[in-house]
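K.L.:
Structure below; questions to follow.
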Number of protein chains: 2
Amino acid sequence: MNVRTLCLGILAFEEASGYEIKKAVEDGMFSHFIEASYGSIYPALTQMLADGLVSVREQVQEGKPLKKAYSITEAGRKALKNSLHELPQQDKFKSEFLFQALFRDQVDPKHLEAVFNEQMDYLCGELATIEECRQSVEPGSGHAFVNGYGHAVVSAAIQYMEESRSSLGLPQKPISSDAAE
Amino acid sequence: MNVRTLCLGILAFEEASGYEIKKAVEDGMFSHFIEASYGSIYPALTQMLADGLVSVREQVQEGKPLKKAYSITEAGRKALKNSLHELPQQDKFKSEFLFQALFRDQVDPKHLEAVFNEQMDYLCGELATIEECRQSVEPGSGHAFVNGYGHAVVSAAIQYMEESRSSLGLPQKPISSDAAE
DNA sequence: ATTGTTATATATCAGTCCGATACATCACTT
DNA sequence: AAGTGATGTATCGGACTGATATATAACAAT
């Protein structure tokens, strides 16, 4: 699946600009299972416009830059439906954190601790985003399933991390900066 | 982090060929949190050889093609250690399965079921790989932590998938081909 | 016998995508 | 008056993927 299909999928829910698509995959509804950069989103929109899969509406906004609001066309919906019936590629998961954790005996304990805490912050942030979205999702929908999947997985990761603190030789949960001692 | 560092990391554990590195990230110890293709592994090894980070030993094998066994050098270990002290990038997770699940009302139920079952197979395969590796890992090591992380996350995914069968309108667990009805 | 498949192994390349950067406008703070 | 941050479009070098080519040998099937 390429970025074009990804954009079509987001536009199938609502009209959006390139900037908004980027936000959706960075922080929004789609953030925990999709990635895409400006360098692929903008060319994808341009190309799909040429192919008639999307249409633009240039919005002149007060106090903000020009915004190109893209909408999916009928041809676009058809193309999306086709893509949805292809066999999906395998999930891809890359974690540099886990890679570093593999060599924990070769890194400075201070670094390990910093990296560990950053990972916890990241995971908790993901969980917060997922829980935010959970409210605006109707039960039984595809959104609900995907949201629940993310919640299950990220929760499990957080719990495992928490349980592993001692076995990694790290100090317990640093709730406030001067609780230890 | 680039593929060069990734290869160095694997070579820090044991001498390996490009083919074996690919296997390690595809099926082995590293498979659930690392990705790399031949198209990046072989150039990485060639370049690192030129830079003196690895050395080769050409093995003439009986009944098999020539094998170039790469080993990490002292300079390579130093370079790896440096890389390990950089801040890791955020985890990346992409799931086309979840993307398709998002549009479950727009896809053929047969397709949804097939895709769902394939995802289950994939996840169970991952779990099996992780459990295989678990045996050959010494407790308390970085390997053990990473292995446990994978186990926690994949187990959670499988459990959630299992619980969601009915809410997606799918038939129950197809253990054998003619158990239903 | 010979065709096909699977496993081992190296290597390349078109196309895709990321990460960084540039540019521009406005709100808000310092 | 300067700096920061959010909104917004756009491009590009370089990294990486996915597919393909090449080669050898074991093994199964026809």
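Going by the structure tokens order, chains are called A, B, ..., each with residues numbered from 1, while ligands are numbered from 1 in the order shown.
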If you count only C-alpha atoms (C1' of nucleotides), which residues fall within 8 Å of range 125-127 of chain A, apart from same-chain ones fewer than 6 positions away, as a list in words?
P.N.:
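Contacts, in chain order: His32, Gly150, His151, Val154 and Ser155 of chain A.
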K.L.:
Now that the selection is made, can you save its residues with C-alpha atoms as a PDB file, in the first residue's frame?
P.N.:
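The resulting file, selection_14.pdb, is shown below:
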```pdb
ATOM      1  CA  HIS A  32      -0.500   4.504  16.077  1.00  0.00           C
ATOM      2  CA  GLY A 150      -3.923   0.030  19.815  1.00  0.00           C
ATOM      3  CA  HIS A 151      -5.102   0.298  23.389  1.00  0.00           C
ATOM      4  CA  VAL A 154       0.251  -0.119  24.042  1.00  0.00           C
ATOM      5  CA  SER A 155      -1.143  -0.963  27.482  1.00  0.00           C
TER       6      SER A 155
END
```
K.L.:
Report the residues of range 7-173 of chain A whose backbone DSSP state falls under helix (DSSP H, G or I), written as a PyMOL selection string.
P.N.:
chain A and resi 7-13+18-26+38-50+74-84+96-102+104-106+109-135+142-164+166-168
K.L.:
Considering only C-alpha atoms (C1' of nucleotides), tabulate each residue of chain C that lies at most 8 Å from chain B along with its nearest interatomic pair and the corresponding distance in Å to one decimal; arrange the rows by chain and ascending residue number and present them as a tab-separated table.
P.N.:
```
residue	atom	partner	partner_atom	distance
C:DT8	C1'	B:Lys64	CA	6.3
C:DA9	C1'	B:Pro65	CA	5.6
C:DA11	C1'	B:Tyr42	CA	7.6
C:DT12	C1'	B:Gly39	CA	7.8
```
K.L.:
What's around DT4 in chain D at 12 Å? Count only C-alpha atoms (C1' of nucleotides), leave out sequence neighbours fewer than 6 positions away in its own chain, and write the answer as a list of chain:residue names.
P.N.:
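Once the nearby chain positions are removed, what remains is C:DA27, C:DC28, C:DT29, C:DT30.
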K.L.:
Counting only C-alpha atoms (C1' of nucleotides), which residues of chain D fall within 10 Å of chain B, and what is the closest atom pair for each with its distance in Å at one decimal, ordered by chain and rising number, as CSV?
P.N.:
```
residue,atom,partner,partner_atom,distance
D:DA15,C1',B:Asn2,CA,8.2
D:DC16,C1',B:Ser40,CA,6.4
D:DT17,C1',B:Ser37,CA,6.7
D:DG18,C1',B:Ser37,CA,8.4
D:DA23,C1',B:Pro65,CA,7.7
D:DT24,C1',B:Pro65,CA,5.9
D:DA25,C1',B:Gly63,CA,5.7
D:DA26,C1',B:Gly63,CA,8.6
```
K.L.:
At a cut-off of 8 Å, which residues of chain B touch chain A? Count only C-alpha atoms and give the answer as a ChimeraX atom specification.
P.N.:
/B:1,32-35,81,84-85,87-108,111,115,122,140-143,145-146,148-149,152-154,156-157,160-161,164,167-168
K.L.:
Just the number, please: distance in Å from CA of Val54 in chain B to CA of Arg77 in chain B, one decimal.
P.N.:
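We find that CA of Val54 in chain B and CA of Arg77 in chain B lie 9.2 Å from each other.
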K.L.:
Take CA of Arg4 in chain B and CA of Ala44 in chain B and report the distance between them in Å, one decimal.
P.N.:
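About the pair CA of Arg4 in chain B and CA of Ala44 in chain B: they are 5.1 Å apart.
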K.L.:
In Å to one decimal, how far is C1' of DC26 in chain C from C1' of DA6 in chain D?
P.N.:
9.0 Å
K.L.:
To test your reading of the structure, identify every residue in chain A that backbone DSSP assigns to strand (DSSP E), and report it as a count of residues only.
P.N.:
15
